[in-house]
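Beneath this line is the structure, given in structure tokens, with notes to follow.
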Protein chains: 2
Amino acid sequence: MPIHDRLRGDRVGSSGVDAERPHVVIVGGGFGGLTCARRLAKAPVRVTLLDRHNHHLFQPLLYQVATATLSPGDIAVPLRSILRRQKNATVLLAQVLRIDLVGRKVELADGAIAFDALVLAAGATHSWFGHADWAPHAPGLKTLEDALSIRARILRAYEEAEREEGLERRCAWLTFAIVGAGPTGVELAGALAEIARETLARDFRRIDPTQARVVLVEAGSHVLPSFPPELSGRARTQLERIGVEVRLAARVIGVDEQGLALRTEGGDPHARVERLATRTVLWAAGVAASPLGRSLDVPLDRAGRVLVEPTLAVPGARGVFVIGDLAAITSNGAPVPSVAPAAMQMGRHVAANLIRSFGGESLLPFRYRDKGSLATIGRAAAVAAYGRLRCAGPFAWLLWTVVHISYLISFRSRVLVLLQWAWLWLTKGRGVRLITSDPSSSRAAATSRSTPAEGTRSR
Amino acid sequence: MPIHDRLRGDRVGSSGVDAERPHVVIVGGGFGGLTCARRLAKAPVRVTLLDRHNHHLFQPLLYQVATATLSPGDIAVPLRSILRRQKNATVLLAQVLRIDLVGRKVELADGAIAFDALVLAAGATHSWFGHADWAPHAPGLKTLEDALSIRARILRAYEEAEREEGLERRCAWLTFAIVGAGPTGVELAGALAEIARETLARDFRRIDPTQARVVLVEAGSHVLPSFPPELSGRARTQLERIGVEVRLAARVIGVDEQGLALRTEGGDPHARVERLATRTVLWAAGVAASPLGRSLDVPLDRAGRVLVEPTLAVPGARGVFVIGDLAAITSNGAPVPSVAPAAMQMGRHVAANLIRSFGGESLLPFRYRDKGSLATIGRAAAVAAYGRLRCAGPFAWLLWTVVHISYLISFRSRVLVLLQWAWLWLTKGRGVRLITSDPSSSRAAATSRSTPAEGTRSR
């Protein structure tokens, strides 16, 4: 019996959801997919939400897990518990391999699920611009696992520096490079500078963490390139004030265990190549759409996103929609950005379009309402743009705080996040400085030490 | 230059700690080692604390991380931040391979550290009674990594059950066995029963989590064998009331992916062998002392613990002590139990003995003061014994709560743990139901599915 039919069994039947209702399958429980599922709560459909993780992740605060302020449990909520009371919805933990538009089914690693309508909200992943060999040396930040592994790398770098004898090698352990000065890169750089100057300042005996270098590398000519230029300038000033070195017009042309190779362009007519010796490189530069887009066999843009119709429908495929970071669409003459509010708006829109289509009405085009842009740099430092309003500094930071708390999905998360922020504010201590990553990363650290320390005795 | 000498460099020198002071090396930052380090704060010594983790772990609450109530960050504190203000102490993240009593140095994976005095507080690890092949199917609970991996296993079992078609296989996913009915086993069993009956009760569509079986297997004739017999009986009653099946006098003779083989003894003159089909077995039975004890080359007891002198010194080795779970010692005619209060008392005692010995005084023998025994079973259910006082039920539970909160080492942990417990009490929801373990465990789950689900389409 196919899984799809199985789902009609036992408790679904008893909960009174009609198995003859159209079956809407949503792939991905991020901002877009989850919003769409919830908006279908009262629609005469059956909803199946598939995700390869069992939780919805509040990605805008993921960098705070990576920088030891928050615990994974503070910003992730089980999808099952969010949809527990929505009787027409089923959540399945499953790895989707491809979409079969002809057979109208979703193929899983261990089965298949047929759909009457499909909402593809599979998001995006990292891209190292075709340099797969850079990936192990410059991890990106998309999942909780990524965040825990980055946290362990950062903390381990200080531990290695404390035990390293050679001055040059110690400096490489105490240099942290972030590639890409979008919001994630800026937020990571700000947090890393605070870790060095405040959190760890007195924790070590041999090294002085306040001497650590945090270098933010950006190929373009501004930090936060998607923000208005005056805010980019303010953000740069704020970053430099807390000790971040901002390297603009510097393109990464190589990444290995020992550091970065950069080509700087700047005013110099001859481009220069230089090396930055660092043992910790974080990748906040490239994003590629989920490979599931390719399996639709329809036109994609350069980043692999699906070129959807104005209604968010996939051209030529009845009842199939793409939303969130996987959708390429313009609204009001500009491309819709890959941000959480856009994904949520698309999720709501597709839910409404689905209800219209099941009622025999025609689909409406999507229009993006810009909710403004926010990025935080550090303690009481942030930038905000909303329409023609711009601000930077403590007020922007307060706005950032309020917006992020209010978007958290559960009351429990709000209380926990607020509490940890209060703790950070009052003590400058980051509470979750735990190295708990998988053994493979510690093995890597152990074998990668450049010279074996001598086993000798001193007395 | 040996690491030991390096530590005298830079900031140690500048913080005013005399490099000519005797060097006390403590191996292990658990209850015993950390207590000893802190007690030496004002002693005229240099202290180096070595641990392979960067944090002190509050092990008595580790089962709550495994059962999705607490986050790792709630019960673990970086050793560096605990000892930040103790100027004569240095913390190093290091893997200790063996102790060289002749050369008077600790050998690390990447170097060596000489000592004038040594406190070995390396604790204990799991023992599967010589059946190493049981380990992958019956994980034990000692580290944060163990707890996260067990949490993922438990939650994944329900996900697999929801997707499993065969009734028998579904039942095996919904059967949870805990081997060993000491405090850890009892607490795990109680929490697993609550997860099934309360936390997940309405989360699934096809399975009914309240039908899950939780089986507590114990080779002896009582649960909580170290408690007074009447409390063992009360604990058993409380466990059965919340739905735990208690199997006493049942010895595990086999563990594999499909479940347990048990030999039950009971009243039957002929011992019987039976199988329990379960996909989730947790091991709370055997404990073996750290293998570091063997490297001392002195007499050990059957569990591998070092037979120390009444002063906690290692026989024949000047200035070398063993404390905590690695020490075998009797006090007041009874063996000192492997519990946190005993380790802390030993840590304090050895610190005092070290100070006496550096002052030319003779060592004092250790005397254990029993602080009583506590174990919790579930919501308002616990047992407590203190001297001749015994209680069970809500008062014991309140006592358990107060004692555990007060023993937590940081104010931050106390607030967070209290908050999460209040959340659990009010909502019966466990906040940290995240499957975030390493990919190897999900790979294992994927390949171990007994039959491949059919890839079919339904319409």
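Here's how to read the names in the structure tokens: chain A, B, ... by the order shown, residue numbers from 1 in each chain, ligand numbers from 1 in the order shown.
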
- DSSP strand (DSSP E or B) residues within stretch 372-440 of chain B, listed as a PyMOL selection string: chain B and resi 373-378+381-386+389-392

- Item | Near-stretch 29-45 of chain B list (9 Å; only C-alpha atoms; drop same-chain fewer than 3 positions) as JSON, numbers by chain | {"B": [17, 18, 19, 20, 21, 22, 23, 24, 26, 48, 49, 50, 51, 52, 53, 54, 55, 56, 57, 58, 59, 79, 82, 83, 86, 87, 88, 89, 119, 120, 121, 122, 123, 323, 324, 325, 340, 341, 342, 343, 344, 345, 346, 347, 348, 349, 350, 351, 352, 354, 355, 358]}

### Message
If DSSP is run on the backbone, what residues of stretch 41-286 of chain A are helix (DSSP H, G or I)? A reply as a PyMOL selection string would be ideal.
### Response
chain A and resi 59-66+72-75+79-82+132-137+144-163+167-173+183-199+209-211+229-241

- Task: May I have the residues within 7 Å of B:Trp283 as a VMD selection string, using only C-alpha atoms and disregarding those fewer than 6 positions away in the same chain?
- Result: chain B and resid 138 to 140 178 to 180

What's around stretch 311-317 of chain A at 12 Å? Count only C-alpha atoms, leave out sequence neighbours fewer than 2 positions away in its own chain, and write the answer as a VMD selection string.
chain A and resid 99 to 104 116 to 121 293 296 to 300 305 to 309 319 to 324 326 to 331 336 343 345 to 354 356 to 357 362 to 368

Q) Within 10 Å of A:Arg170, counting only C-alpha atoms, which residues qualify if same-chain residues fewer than 5 places away don't, as a PyMOL selection string? A) chain A and resi 157-158+160-165+175+207+212+278-279

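Between atom CA of B:Thr210 and atom CA of B:Phe176 lies a distance of 12.6 Å.
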
Q | Test item: residues at most 10 Å from B:Arg388, only C-alpha atoms, excluding those fewer than 3 positions along its chain, as a PyMOL selection string | A | chain B and resi 228+372+385

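Proximity of A:Gly233, A:Glu187, A:Leu200, A:Ala172 to A:Ala277, computed with only C-alpha atoms, is greatest for A:Ala172.
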
Counting only C-alpha atoms, the residue among A:Val281, A:Ala189, A:Val217, A:Ile75 that lies closest to chain B is A:Ile75

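Atom CA of A:Gln95 is found 5.7 Å from atom CA of A:Ala109.
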